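Trainee: Pasting entry_27.tsv here (TSV, C-alpha atoms and all ligand atoms):
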```tsv
chain	number	residue	atom	x	y	z
B	1423	MET	CA	287.15	125.06	-7.64
B	1424	LYS	CA	286.89	121.37	-8.45
B	1425	ILE	CA	289.71	119.91	-10.52
B	1426	LEU	CA	288.24	116.41	-10.83
B	1427	GLU	CA	284.74	115.02	-10.55
B	1428	GLY	CA	283.44	111.51	-10.98
B	1429	ILE	CA	279.64	111.53	-11.13
B	1430	SER	CA	277.63	108.32	-10.51
B	1431	LEU	CA	280.40	106.19	-12.01
B	1432	THR	CA	279.59	102.57	-12.76
B	1433	LYS	CA	281.86	100.08	-14.51
B	1434	VAL	CA	280.69	96.59	-15.32
B	1435	TYR	CA	283.34	94.28	-16.77
B	1436	ARG	CA	282.52	91.07	-18.58
B	1437	SER	CA	284.53	87.94	-18.03
B	1438	GLY	CA	285.43	86.32	-21.34
B	1439	TRP	CA	283.72	87.03	-24.65
B	1440	ILE	CA	280.01	87.20	-25.52
B	1441	GLY	CA	277.73	85.95	-22.74
B	1442	GLY	CA	280.44	86.13	-20.05
B	1443	ARG	CA	279.66	86.83	-16.39
B	1444	LYS	CA	279.10	90.49	-15.47
B	1445	ILE	CA	281.56	91.90	-12.96
B	1446	PRO	CA	280.30	95.17	-11.45
B	1447	ALA	CA	283.63	96.65	-10.34
B	1448	LEU	CA	282.34	100.16	-9.68
B	1449	ILE	CA	278.78	101.02	-8.66
B	1450	ASP	CA	277.38	104.55	-8.64
B	1451	VAL	CA	280.48	106.23	-7.21
B	1452	THR	CA	280.49	110.03	-6.95
B	1453	ILE	CA	283.67	111.78	-5.82
B	1454	SER	CA	285.32	115.13	-6.31
B	1455	LEU	CA	288.68	116.72	-5.66
B	1456	GLU	CA	289.25	120.43	-5.07
B	1457	LYS	CA	292.15	122.24	-6.75
B	1458	GLY	CA	295.18	121.84	-4.44
B	1459	GLY	CA	293.36	119.17	-2.41
B	1460	SER	CA	294.24	115.57	-1.62
B	1461	LEU	CA	291.86	112.64	-1.37
B	1462	SER	CA	292.78	109.12	-0.29
B	1463	ILE	CA	290.76	106.07	-1.27
B	1464	ILE	CA	290.99	102.93	0.86
B	1465	GLY	CA	289.45	99.50	0.59
B	1466	GLU	CA	290.30	95.81	0.59
B	1467	SER	CA	291.53	93.97	-2.49
B	1468	GLY	CA	288.91	93.89	-5.24
B	1469	ALA	CA	287.01	96.90	-3.83
B	1470	GLY	CA	287.31	98.74	-7.17
B	1471	LYS	CA	290.06	101.26	-6.34
B	1472	THR	CA	292.13	100.71	-9.49
B	1473	THR	CA	288.99	100.62	-11.63
B	1474	LEU	CA	288.02	104.01	-10.21
B	1475	ALA	CA	291.50	105.38	-11.02
B	1476	LYS	CA	291.39	104.00	-14.59
B	1477	VAL	CA	287.92	105.43	-15.23
B	1478	LEU	CA	288.99	108.85	-13.92
B	1479	LEU	CA	292.11	108.70	-16.11
B	1480	GLY	CA	290.14	107.82	-19.22
B	1481	ILE	CA	292.00	104.48	-19.54
B	1482	THR	CA	288.70	102.65	-19.01
B	1483	THR	CA	285.34	103.97	-20.24
B	1484	PRO	CA	282.63	103.87	-17.56
B	1485	THR	CA	279.46	101.90	-18.24
B	1486	LYS	CA	277.51	104.80	-16.72
B	1487	GLY	CA	278.35	108.18	-15.24
B	1488	ARG	CA	280.56	111.13	-16.13
B	1489	VAL	CA	284.10	112.33	-15.52
B	1490	ILE	CA	284.81	116.06	-15.42
B	1491	PHE	CA	288.43	117.24	-15.41
B	1492	ASN	CA	289.20	120.93	-14.96
B	1493	GLY	CA	285.64	121.81	-16.00
B	1494	LYS	CA	285.62	119.65	-19.19
B	1495	ASP	CA	283.63	116.46	-19.72
B	1496	VAL	CA	286.26	113.77	-20.45
B	1497	THR	CA	284.08	110.70	-19.94
B	1498	ARG	CA	284.88	109.28	-23.40
B	1499	GLY	CA	288.63	109.88	-23.13
B	1500	ILE	CA	291.01	112.68	-22.31
B	1501	PRO	CA	292.34	114.72	-25.25
B	1502	ARG	CA	296.15	115.01	-25.51
B	1503	ASN	CA	296.30	118.68	-24.46
B	1504	LEU	CA	294.51	117.83	-21.19
B	1505	ARG	CA	296.21	114.45	-20.74
B	1506	ARG	CA	299.56	116.11	-20.12
B	1507	LEU	CA	298.03	117.85	-17.11
B	1508	ILE	CA	297.50	114.51	-15.36
B	1509	GLY	CA	300.28	112.35	-13.90
B	1510	TYR	CA	299.69	108.68	-13.08
B	1511	ILE	CA	301.68	106.42	-10.82
B	1512	PRO	CA	300.26	102.93	-11.46
B	1513	GLN	CA	299.93	100.12	-8.94
B	1514	HIS	CA	302.91	98.13	-10.22
B	1515	PRO	CA	305.92	100.43	-10.84
B	1516	GLU	CA	307.75	97.71	-12.76
B	1517	SER	CA	305.00	97.74	-15.39
B	1518	ALA	CA	305.15	101.54	-15.74
B	1519	LEU	CA	308.57	101.63	-17.42
B	1520	ASP	CA	309.78	99.67	-20.46
B	1521	PRO	CA	312.10	96.91	-19.10
B	1522	ARG	CA	314.40	97.27	-22.17
B	1523	TRP	CA	314.92	101.01	-21.78
B	1524	LYS	CA	317.32	102.91	-19.58
B	1525	LEU	CA	315.51	104.94	-16.92
B	1526	TYR	CA	316.68	108.15	-18.62
B	1527	ASP	CA	314.92	107.20	-21.88
B	1528	SER	CA	311.71	106.28	-20.05
B	1529	ILE	CA	311.66	109.56	-18.13
B	1530	ILE	CA	312.31	111.65	-21.23
B	1531	GLU	CA	309.67	109.75	-23.22
B	1532	SER	CA	306.75	111.64	-21.63
B	1533	LEU	CA	308.31	114.92	-22.76
B	1534	ARG	CA	308.69	113.57	-26.29
B	1535	ILE	CA	305.07	112.32	-26.40
B	1536	HIS	CA	303.83	115.74	-25.32
B	1537	ARG	CA	306.31	117.51	-27.64
B	1538	ILE	CA	307.94	119.44	-24.82
B	1539	GLU	CA	311.33	121.05	-25.58
B	1540	LYS	CA	314.41	121.58	-23.34
B	1541	ARG	CA	314.26	117.93	-22.37
B	1542	ARG	CA	317.74	117.59	-20.82
B	1543	GLU	CA	317.19	120.53	-18.47
B	1544	GLN	CA	313.81	119.17	-17.46
B	1545	VAL	CA	315.27	115.74	-16.66
B	1546	LYS	CA	318.04	117.32	-14.58
B	1547	LYS	CA	315.49	119.35	-12.64
B	1548	ILE	CA	313.15	116.46	-11.90
B	1549	ILE	CA	315.81	113.91	-10.90
B	1550	GLU	CA	317.20	116.43	-8.43
B	1551	ARG	CA	313.70	116.89	-7.06
B	1552	VAL	CA	313.13	113.14	-6.59
B	1553	SER	CA	316.72	112.59	-5.34
B	1554	LEU	CA	317.86	110.19	-8.05
B	1555	ASP	CA	321.56	109.96	-8.96
B	1556	GLU	CA	322.39	110.67	-12.59
B	1557	ASP	CA	324.29	107.40	-12.99
B	1558	VAL	CA	321.17	105.43	-11.93
B	1559	LEU	CA	319.43	106.85	-15.02
B	1560	GLN	CA	321.77	104.86	-17.24
B	1561	ARG	CA	320.45	101.57	-15.82
B	1562	ARG	CA	317.42	99.50	-16.77
B	1563	PRO	CA	314.51	98.77	-14.37
B	1564	HIS	CA	315.83	95.35	-13.26
B	1565	GLU	CA	319.22	96.91	-12.39
B	1566	VAL	CA	317.91	99.33	-9.72
B	1567	SER	CA	316.34	99.02	-6.24
B	1568	GLY	CA	312.58	99.23	-5.60
B	1569	GLY	CA	312.96	102.73	-4.15
B	1570	GLU	CA	315.03	103.96	-7.13
B	1571	LEU	CA	312.52	102.45	-9.54
B	1572	GLN	CA	309.63	104.15	-7.75
B	1573	ARG	CA	311.48	107.50	-7.80
B	1574	ALA	CA	312.01	107.06	-11.55
B	1575	VAL	CA	308.28	106.35	-12.03
B	1576	ILE	CA	307.44	109.47	-10.01
B	1577	ALA	CA	309.94	111.47	-12.08
B	1578	SER	CA	308.39	110.29	-15.34
B	1579	SER	CA	304.88	111.21	-14.07
B	1580	LEU	CA	305.89	114.64	-12.81
B	1581	ILE	CA	308.29	115.76	-15.54
B	1582	ILE	CA	305.32	116.93	-17.64
B	1583	GLU	CA	304.36	119.23	-14.73
B	1584	PRO	CA	300.83	117.92	-14.22
B	1585	ILE	CA	298.23	119.71	-12.12
B	1586	LEU	CA	296.65	116.43	-11.00
B	1587	LEU	CA	298.37	113.26	-9.88
B	1588	ILE	CA	296.68	109.89	-9.45
B	1589	CYS	CA	298.73	107.46	-7.34
B	1590	ASP	CA	297.63	103.82	-7.12
B	1591	GLU	CA	299.26	102.18	-4.10
B	1592	PRO	CA	302.66	103.59	-5.13
B	1593	THR	CA	304.54	102.28	-2.09
B	1594	SER	CA	302.91	98.96	-1.25
B	1595	MET	CA	305.86	96.94	-2.59
B	1596	LEU	CA	308.52	98.92	-0.71
B	1597	ASP	CA	310.11	98.42	2.72
B	1598	ALA	CA	308.85	100.67	5.53
B	1599	SER	CA	311.66	103.26	5.46
B	1600	THR	CA	311.69	103.62	1.65
B	1601	GLN	CA	307.90	103.84	1.76
B	1602	ALA	CA	308.05	106.71	4.28
B	1603	ASP	CA	310.64	108.55	2.11
B	1604	ILE	CA	308.50	108.24	-1.02
B	1605	LEU	CA	305.31	109.36	0.76
B	1606	ARG	CA	307.08	112.42	2.17
B	1607	LEU	CA	308.50	113.13	-1.29
B	1608	ILE	CA	305.05	113.06	-2.94
B	1609	ARG	CA	303.65	115.33	-0.23
B	1610	SER	CA	306.43	117.87	-0.53
B	1611	ILE	CA	306.22	117.88	-4.35
B	1612	LYS	CA	302.49	118.52	-3.96
B	1613	GLU	CA	303.22	121.68	-1.98
B	1614	ASP	CA	305.99	122.89	-4.35
B	1615	MET	CA	304.03	122.26	-7.54
B	1616	ASN	CA	300.58	123.13	-6.20
B	1617	LEU	CA	299.37	119.69	-7.25
B	1618	SER	CA	296.07	118.04	-6.42
B	1619	TYR	CA	296.17	114.30	-5.95
B	1620	LEU	CA	294.09	111.20	-5.50
B	1621	PHE	CA	295.96	108.60	-3.48
B	1622	ILE	CA	294.87	104.95	-3.40
B	1623	SER	CA	295.93	102.70	-0.55
B	1624	HIS	CA	294.80	99.68	1.47
B	1625	ASN	CA	296.53	101.09	4.55
B	1626	VAL	CA	294.60	103.48	6.80
B	1627	ASP	CA	297.70	105.14	8.28
B	1628	VAL	CA	299.17	105.83	4.84
B	1629	ALA	CA	295.80	107.12	3.61
B	1630	SER	CA	295.43	109.56	6.49
B	1631	PHE	CA	299.04	110.78	6.11
B	1632	MET	CA	298.49	111.44	2.41
B	1633	GLY	CA	294.90	112.69	2.18
B	1634	ASP	CA	292.93	115.63	3.62
B	1635	ARG	CA	289.92	113.37	3.17
B	1636	ILE	CA	289.46	109.61	2.96
B	1637	GLY	CA	286.88	107.70	0.94
B	1638	VAL	CA	286.21	104.07	1.88
B	1639	MET	CA	285.27	101.61	-0.86
B	1640	LEU	CA	283.66	98.22	-0.48
B	1641	ALA	CA	282.59	95.90	-3.31
B	1642	GLY	CA	282.61	98.69	-5.90
B	1643	ARG	CA	280.76	101.23	-3.77
B	1644	LEU	CA	281.88	104.30	-1.86
B	1645	ILE	CA	280.45	103.65	1.60
B	1646	GLU	CA	281.95	106.46	3.68
B	1647	LEU	CA	283.75	109.74	2.97
B	1648	ALA	CA	285.05	112.16	5.59
B	1649	PRO	CA	287.94	114.44	6.51
B	1650	SER	CA	290.83	112.10	7.47
B	1651	ARG	CA	290.98	112.99	11.17
B	1652	GLU	CA	287.22	112.74	11.52
B	1653	LEU	CA	287.16	109.32	9.84
B	1654	LEU	CA	289.87	107.96	12.13
B	1655	ARG	CA	288.31	109.47	15.26
B	1656	ASN	CA	284.70	108.75	14.41
B	1657	PRO	CA	284.24	105.98	11.82
B	1658	LEU	CA	280.50	105.48	11.39
B	1659	HIS	CA	280.06	102.71	8.85
B	1660	PRO	CA	280.40	99.31	10.56
B	1661	TYR	CA	282.83	98.24	7.81
B	1662	THR	CA	285.03	101.34	8.24
B	1663	GLU	CA	285.16	100.67	11.96
B	1664	VAL	CA	286.36	97.13	11.35
B	1665	PHE	CA	288.82	98.29	8.68
B	1666	ILE	CA	290.30	100.99	10.92
B	1667	ASN	CA	290.59	98.73	13.95
B	1668	ARG	CA	292.30	96.23	11.65
B	1669	LYS	CA	290.22	93.36	12.84
B	1670	SER	CA	289.88	90.66	10.26
B	1671	VAL	CA	287.78	91.92	7.36
B	1672	GLY	CA	288.07	88.71	5.38
B	1673	ALA	CA	288.53	88.47	1.68
B	1674	GLY	CA	286.53	90.82	-0.55
B	1675	GLU	CA	282.98	89.56	-0.82
B	1676	SER	CA	281.55	89.18	-4.29
B	1677	THR	CA	280.01	92.43	-5.49
B	1678	LYS	CA	276.26	92.58	-5.10
B	1679	LEU	CA	274.07	94.78	-7.20
B	1680	ARG	CA	271.27	94.69	-4.66
B	1681	GLY	CA	271.55	95.22	-0.91
B	1682	CYS	CA	274.28	96.57	1.31
B	1683	PRO	CA	277.68	95.10	0.37
B	1684	PHE	CA	278.46	94.57	4.08
B	1685	TYR	CA	275.19	92.74	4.84
B	1686	ASP	CA	276.68	89.27	5.37
B	1687	ARG	CA	279.28	90.54	7.82
B	1688	CYS	CA	277.37	93.31	9.60
B	1689	PRO	CA	276.40	92.91	13.28
B	1690	HIS	CA	273.70	95.61	12.87
B	1691	ARG	CA	271.97	94.35	9.72
B	1692	MET	CA	268.22	94.87	9.30
B	1693	PRO	CA	265.75	93.49	6.73
B	1694	ILE	CA	265.94	96.66	4.61
B	1695	CYS	CA	269.73	96.27	4.25
B	1696	LYS	CA	269.26	93.13	2.15
B	1697	LYS	CA	266.72	94.66	-0.23
B	1698	LYS	CA	268.40	97.80	-1.46
B	1699	ALA	CA	271.90	99.26	-1.18
B	1700	PRO	CA	271.93	102.41	0.95
B	1701	LYS	CA	272.89	105.64	-0.80
B	1702	LEU	CA	275.80	107.82	0.29
B	1703	GLU	CA	274.25	110.68	2.25
B	1704	LYS	CA	275.57	113.62	4.21
B	1705	LEU	CA	275.51	113.22	7.97
B	1706	GLY	CA	277.73	116.01	9.26
B	1707	GLU	CA	280.24	118.59	8.01
B	1708	GLY	CA	281.98	116.82	5.12
B	1709	HIS	CA	280.98	113.40	6.50
B	1710	TYR	CA	279.01	111.13	4.15
B	1711	ILE	CA	277.84	107.61	4.85
B	1712	ALA	CA	275.90	104.84	3.12
B	1713	CYS	CA	274.22	102.90	5.93
B	1714	TYR	CA	270.60	102.48	7.09
B	1715	ARG	CA	271.65	102.92	10.72
B	1716	TYR	CA	272.05	106.62	9.93
B	1717	HIS	CA	269.36	107.32	7.40
B	1718	SER	CA	266.14	105.80	6.15
B	1719	GLU	CA	265.35	104.24	2.78
B	1720	ASP	CA	264.71	107.48	0.86
N	1	LIG	N1	289.89	94.17	-16.92
N	1	LIG	C1	289.09	93.51	-16.07
N	1	LIG	N2	288.24	92.56	-16.53
N	1	LIG	C2	287.40	91.90	-15.69
N	1	LIG	N3	287.35	92.12	-14.35
N	1	LIG	C3	288.17	93.06	-13.84
N	1	LIG	C4	289.09	93.79	-14.67
N	1	LIG	N4	289.79	94.66	-13.88
N	1	LIG	C5	289.31	94.46	-12.62
N	1	LIG	N5	288.36	93.50	-12.61
N	1	LIG	C6	287.59	93.06	-11.43
N	1	LIG	O1	286.96	94.21	-10.87
N	1	LIG	C7	286.99	94.15	-9.45
N	1	LIG	C8	287.71	95.39	-8.91
N	1	LIG	O2	289.08	95.32	-9.29
N	1	LIG	P1	290.13	96.48	-8.96
N	1	LIG	O3	291.41	96.10	-9.60
N	1	LIG	O4	289.53	97.76	-9.32
N	1	LIG	O5	290.23	96.35	-7.36
N	1	LIG	P2	291.27	97.04	-6.36
N	1	LIG	O6	290.46	97.65	-5.26
N	1	LIG	O7	292.19	97.92	-7.09
N	1	LIG	O8	292.04	95.77	-5.76
N	1	LIG	P3	293.59	95.65	-5.30
N	1	LIG	O9	293.65	96.25	-3.90
N	1	LIG	O10	293.81	94.16	-5.27
N	1	LIG	O11	294.45	96.35	-6.28
N	1	LIG	C9	287.66	92.85	-9.08
N	1	LIG	O12	286.65	91.89	-8.87
N	1	LIG	C10	288.48	92.51	-10.32
N	1	LIG	O13	288.66	91.13	-10.42
N	2	LIG	S1	273.24	99.25	5.75
N	2	LIG	FE1	272.67	97.68	7.18
N	2	LIG	S2	274.00	95.90	6.69
N	2	LIG	FE2	274.86	97.72	5.73
N	2	LIG	S3	276.36	98.46	7.18
N	2	LIG	FE3	274.47	99.58	7.58
N	2	LIG	S4	273.41	98.39	9.15
N	2	LIG	FE4	275.00	97.09	8.30
N	3	MG	MG	294.21	97.99	-7.37
```
Write the structure described by the file as structure tokens, please.
Ligand SMILES: Nc1ncnc2c1ncn2[C@@H]1O[C@H](COP(=O)(O)OP(=O)(O)OP(=O)(O)O)[C@@H](O)[C@H]1O
Ligand code: SF4
Ligand SMILES: [Mg+2]
Mentor:
Amino acid sequence: MKILEGISLTKVYRSGWIGGRKIPALIDVTISLEKGGSLSIIGESGAGKTTLAKVLLGITTPTKGRVIFNGKDVTRGIPRNLRRLIGYIPQHPESALDPRWKLYDSIIESLRIHRIEKRREQVKKIIERVSLDEDVLQRRPHEVSGGELQRAVIASSLIIEPILLICDEPTSMLDASTQADILRLIRSIKEDMNLSYLFISHNVDVASFMGDRIGVMLAGRLIELAPSRELLRNPLHPYTEVFINRKSVGAGESTKLRGCPFYDRCPHRMPICKKKAPKLEKLGEGHYIACYRYHSED
């Protein structure tokens, strides 16, 4: 059963007020996550990963498309009773917690918002699970290490016992060993709590460690989706190949509404690639690709 579905999601931002430039951050993205499953999303800076997370979380309304959570259409926002079933670890942990509050108060706040009782016991249980010392809870965000802060953010997302977790680059600011600890922690909590999660990263190794499947985004589009091992062993999209081999991929190109977003950098480009963006189509078992090398125009 699917716990989360994003169907043909498009988000166009506008820079400034009336008449501002259109910024298509997300273009016709369709993804889904099975109950108990894990999906990683990778892509360079500006690819639209955070926008996808915010649209799925109901923080940002899509310009087009639908979001289905646990069988309910939540495109226009997620009602409170369903919201407590979703945990979110945002891209910048320091912005997730109020800088004036002690960590304890921030962690307990989610329980208060969702009117959950037995708050002290719940806090005790979750800080044990994320290996945070009780005395650290009496400090404010600027008084703790990056790893402790991230554990506190994870605790505040998980204390409401969500069934879905959306993690946006939760370890990118941490040193390698703390990063490994946090990734292992999220994976083991997933097993204990029977969570499903969507994990955003710009690092292929992290993405394959965290996700059963990986989706690759470029300039607002999902250009390849495959089981993690398959994607690493057999990347088909020329951009995925470059990304995985960690050759220089350059800065994110400006998003194009027409044509393949990799056209300017692709060694295999053809005239059709410039005219119309290829659709994501199935090529093999669980392997989807948007590239005219593998399928024709329609
Ligand atoms: N609120 C906003 N208003 C206008 N443009 C935005 C807004 N949020 C994001 N964008 C633009 O949308 C595009 C996608 O941004 P997004 O933050 O989703 O990328 P990302 O893949 O998460 O990048 P990063 O890896 O740097 O976090 C970028 O061009 C960004 O500048
Ligand atoms: S669609 Fe064309 S330009 Fe785009 S990646 Fe495939 S071959 Fe290259
Ligand atoms: Mg982001």
Trainee: Which is closer to Ser1594 in chain B than all the others in B:His1564, B:Lys1494, B:His1624, B:Arg1668, using all atoms listed in the file?
Mentor: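 Looking only at the distances to Ser1594 in chain B, the closest residue turns out to be B:His1624.
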Trainee: If the limit is 7 Å from any atom of ligand LIG 1 (chain N), counting only C-alpha atoms and all ligand atoms, which residues qualify? Return them as a list in words.
Mentor: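 After applying the 7 Å limit, what remains is Tyr1435, Arg1436, Ser1437, Ile1445, Pro1446, Ala1447, Gly1465, Glu1466, Ser1467, Gly1468, Ala1469, Gly1470, Lys1471, Thr1472, Thr1473, Leu1474, His1624 and Gly1642 of chain B.
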Trainee: Write the residues of the selection above to a file with C-alpha atoms, as a compact mmCIF listing (two decimals), in the frame of the given file.
Mentor:
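Result file follows (result27.txt):
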```txt
# COMPACT_ATOMS: atom_id res chain seq x y z
CA TYR B 1435 283.34 94.28 -16.77
CA ARG B 1436 282.52 91.07 -18.58
CA SER B 1437 284.53 87.94 -18.03
CA ILE B 1445 281.56 91.90 -12.96
CA PRO B 1446 280.30 95.17 -11.45
CA ALA B 1447 283.63 96.65 -10.34
CA GLY B 1465 289.45 99.50 0.59
CA GLU B 1466 290.30 95.81 0.59
CA SER B 1467 291.53 93.97 -2.49
CA GLY B 1468 288.91 93.89 -5.24
CA ALA B 1469 287.01 96.90 -3.83
CA GLY B 1470 287.31 98.74 -7.17
CA LYS B 1471 290.06 101.26 -6.34
CA THR B 1472 292.13 100.71 -9.49
CA THR B 1473 288.99 100.62 -11.63
CA LEU B 1474 288.02 104.01 -10.21
CA HIS B 1624 294.80 99.68 1.47
CA GLY B 1642 282.61 98.69 -5.90
```
Trainee: What is the distance, in Å and to one decimal place, between CA of Gly1509 in chain B and CA of Leu1586 in chain B?
Mentor: 6.2 Å
Trainee: Have a look at B:Tyr1661, B:Lys1486, B:Asn1667, B:Glu1707 and name the one nearest to ligand LIG 2 (chain N); count all atoms listed in the file.
Mentor: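 So, comparing all the options, the nearest one is B:Tyr1661.
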Trainee: Measure the distance from CA of Thr1593 in chain B to CA of Asn1503 in chain B in Å and round it to one decimal.
Mentor: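 Between CA of Thr1593 in chain B and CA of Asn1503 in chain B the gap works out to 28.9 Å.
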Trainee: Determine, counting only C-alpha atoms, which protein, DNA and RNA residues have an atom within 7 Å of an atom of range 1511-1514 of chain B; residues of the same chain fewer than 4 positions away are not included. Present the result as a PDB file with C-alpha atoms, in the coordinates of the input.
Mentor:
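Result file is selection.pdb:
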```pdb
ATOM      1  CA  ALA B1518     305.150 101.540 -15.740  1.00  0.00           C
ATOM      2  CA  VAL B1575     308.280 106.350 -12.030  1.00  0.00           C
ATOM      3  CA  ILE B1576     307.440 109.470 -10.010  1.00  0.00           C
ATOM      4  CA  SER B1579     304.880 111.210 -14.070  1.00  0.00           C
ATOM      5  CA  ILE B1588     296.680 109.890  -9.450  1.00  0.00           C
ATOM      6  CA  CYS B1589     298.730 107.460  -7.340  1.00  0.00           C
ATOM      7  CA  ASP B1590     297.630 103.820  -7.120  1.00  0.00           C
ATOM      8  CA  GLU B1591     299.260 102.180  -4.100  1.00  0.00           C
ATOM      9  CA  PRO B1592     302.660 103.590  -5.130  1.00  0.00           C
TER      10      PRO B1592
END
```
Trainee: Output the neighbourhood of ligand LIG 2 (chain N) as a PDB file with C-alpha atoms, in the frame of the given file, that is, all protein and nucleic acid residues with some atom at most 10 Å from the ligand, counting only C-alpha atoms and all ligand atoms.
Mentor:
```pdb
ATOM      1  CA  ILE B1645     280.450 103.650   1.600  1.00  0.00           C
ATOM      2  CA  LEU B1658     280.500 105.480  11.390  1.00  0.00           C
ATOM      3  CA  HIS B1659     280.060 102.710   8.850  1.00  0.00           C
ATOM      4  CA  PRO B1660     280.400  99.310  10.560  1.00  0.00           C
ATOM      5  CA  TYR B1661     282.830  98.240   7.810  1.00  0.00           C
ATOM      6  CA  THR B1662     285.030 101.340   8.240  1.00  0.00           C
ATOM      7  CA  GLY B1681     271.550  95.220  -0.910  1.00  0.00           C
ATOM      8  CA  CYS B1682     274.280  96.570   1.310  1.00  0.00           C
ATOM      9  CA  PRO B1683     277.680  95.100   0.370  1.00  0.00           C
ATOM     10  CA  PHE B1684     278.460  94.570   4.080  1.00  0.00           C
ATOM     11  CA  TYR B1685     275.190  92.740   4.840  1.00  0.00           C
ATOM     12  CA  ASP B1686     276.680  89.270   5.370  1.00  0.00           C
ATOM     13  CA  ARG B1687     279.280  90.540   7.820  1.00  0.00           C
ATOM     14  CA  CYS B1688     277.370  93.310   9.600  1.00  0.00           C
ATOM     15  CA  PRO B1689     276.400  92.910  13.280  1.00  0.00           C
ATOM     16  CA  HIS B1690     273.700  95.610  12.870  1.00  0.00           C
ATOM     17  CA  ARG B1691     271.970  94.350   9.720  1.00  0.00           C
ATOM     18  CA  MET B1692     268.220  94.870   9.300  1.00  0.00           C
ATOM     19  CA  PRO B1693     265.750  93.490   6.730  1.00  0.00           C
ATOM     20  CA  ILE B1694     265.940  96.660   4.610  1.00  0.00           C
ATOM     21  CA  CYS B1695     269.730  96.270   4.250  1.00  0.00           C
ATOM     22  CA  LYS B1696     269.260  93.130   2.150  1.00  0.00           C
ATOM     23  CA  LYS B1697     266.720  94.660  -0.230  1.00  0.00           C
ATOM     24  CA  LYS B1698     268.400  97.800  -1.460  1.00  0.00           C
ATOM     25  CA  ALA B1699     271.900  99.260  -1.180  1.00  0.00           C
ATOM     26  CA  PRO B1700     271.930 102.410   0.950  1.00  0.00           C
ATOM     27  CA  LYS B1701     272.890 105.640  -0.800  1.00  0.00           C
ATOM     28  CA  ILE B1711     277.840 107.610   4.850  1.00  0.00           C
ATOM     29  CA  ALA B1712     275.900 104.840   3.120  1.00  0.00           C
ATOM     30  CA  CYS B1713     274.220 102.900   5.930  1.00  0.00           C
ATOM     31  CA  TYR B1714     270.600 102.480   7.090  1.00  0.00           C
ATOM     32  CA  ARG B1715     271.650 102.920  10.720  1.00  0.00           C
ATOM     33  CA  TYR B1716     272.050 106.620   9.930  1.00  0.00           C
ATOM     34  CA  HIS B1717     269.360 107.320   7.400  1.00  0.00           C
ATOM     35  CA  SER B1718     266.140 105.800   6.150  1.00  0.00           C
ATOM     36  CA  GLU B1719     265.350 104.240   2.780  1.00  0.00           C
TER      37      GLU B1719
END
```
Trainee: Just how far from CA of Glu1516 in chain B is CA of Ile1538 in chain B, in Å to one decimal?
Mentor: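 Straight-line distance from CA of Ile1538 in chain B to CA of Glu1516 in chain B works out to 24.9 Å.
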Trainee: Take every atom of range 1536-1542 of chain B listed in the file, pad by 8 Å on each side, and give me the axis-aligned box centre and edge lengths in Å, one decimal, as lines of an AutoDock Vina configuration file.
Mentor:
```
center_x = 310.8
center_y = 118.7
center_z = -24.2
size_x = 29.9
size_y = 21.8
size_z = 22.8
```
Trainee: Please provide the set of residues having any atom within 12 Å of Gly1706 in chain B, restricted to all atoms listed in the file, with same-chain residues fewer than 6 positions apart removed, written as a PyMOL selection string.
Mentor: chain B and resi 1646-1649+1652-1653+1656+1658+1716
Trainee: Within 7 Å of range 1423-1428 of chain B, counting only C-alpha atoms, which residues qualify if same-chain residues fewer than 3 places away don't, as JSON, numbers by chain?
Mentor: {"B": [1431, 1452, 1453, 1454, 1455, 1456, 1457, 1478, 1488, 1489, 1490, 1491, 1492]}
Trainee: Write out as JSON lines a residue-level contact list of range 1575-1612 of chain B versus range 1539-1544 of chain B with cut-off 10 Å: for each qualifying residue the closest pair of atoms and the distance in Å to one decimal, counting all atoms listed in the file, rows sorted by chain and residue number upward.
Mentor:
```
{"residue": "B:Ile1581", "atom": "CA", "partner": "B:Gln1544", "partner_atom": "CA", "distance": 6.8}
{"residue": "B:Ile1582", "atom": "CA", "partner": "B:Gln1544", "partner_atom": "CA", "distance": 8.8}
{"residue": "B:Glu1583", "atom": "CA", "partner": "B:Gln1544", "partner_atom": "CA", "distance": 9.8}
```
Trainee: Using all atoms listed in the file, determine which residues lie at most 8 Å from Ile1585 in chain B, disregarding the query and same-chain residues fewer than 6 positions distant; provide the list as a PyMOL selection string.
Mentor: chain B and resi 1507-1509+1615-1618
Trainee: Based on the selection just made, write C-alpha atoms of those residues as a CSV table (one decimal), in the frame of the given file.
Mentor:
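The file below, part31.csv, is the result:
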```
chain,number,residue,atom,x,y,z
B,1507,LEU,CA,298.0,117.8,-17.1
B,1508,ILE,CA,297.5,114.5,-15.4
B,1509,GLY,CA,300.3,112.4,-13.9
B,1615,MET,CA,304.0,122.3,-7.5
B,1616,ASN,CA,300.6,123.1,-6.2
B,1617,LEU,CA,299.4,119.7,-7.2
B,1618,SER,CA,296.1,118.0,-6.4
```
Trainee: Looking at B:Leu1519, B:Ile1463, B:Ile1429, B:Leu1533, which one is nearest to Val1477 in chain B, with distances taken over only C-alpha atoms?
Mentor: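 Selected residue with least distance to Val1477 in chain B: B:Ile1429.
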Trainee: With distances taken over all atoms listed in the file, which residue among B:Arg1680, B:Leu1702, B:Ala1629, B:Ile1622 lies nearest ligand MG 3 (chain N)?
Mentor: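 When distances to ligand MG 3 (chain N) are compared using all atoms listed in the file, the smallest one comes from B:Ile1622.
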Trainee: So that I can see what lies close to range 1608-1613 of chain B, please list as number ranges by chain the residues with an atom at most 9 Å from it, counting only C-alpha atoms and leaving out residues fewer than 4 positions away in the same chain.
Mentor: B: 1458, 1551-1552, 1576, 1587, 1603-1604, 1617-1619, 1632
Trainee: Using all atoms listed in the file, can you tell me which of B:His1536, B:Lys1476, B:Arg1635, B:Arg1443 comes closest to ligand MG 3 (chain N)?
Mentor: B:Lys1476
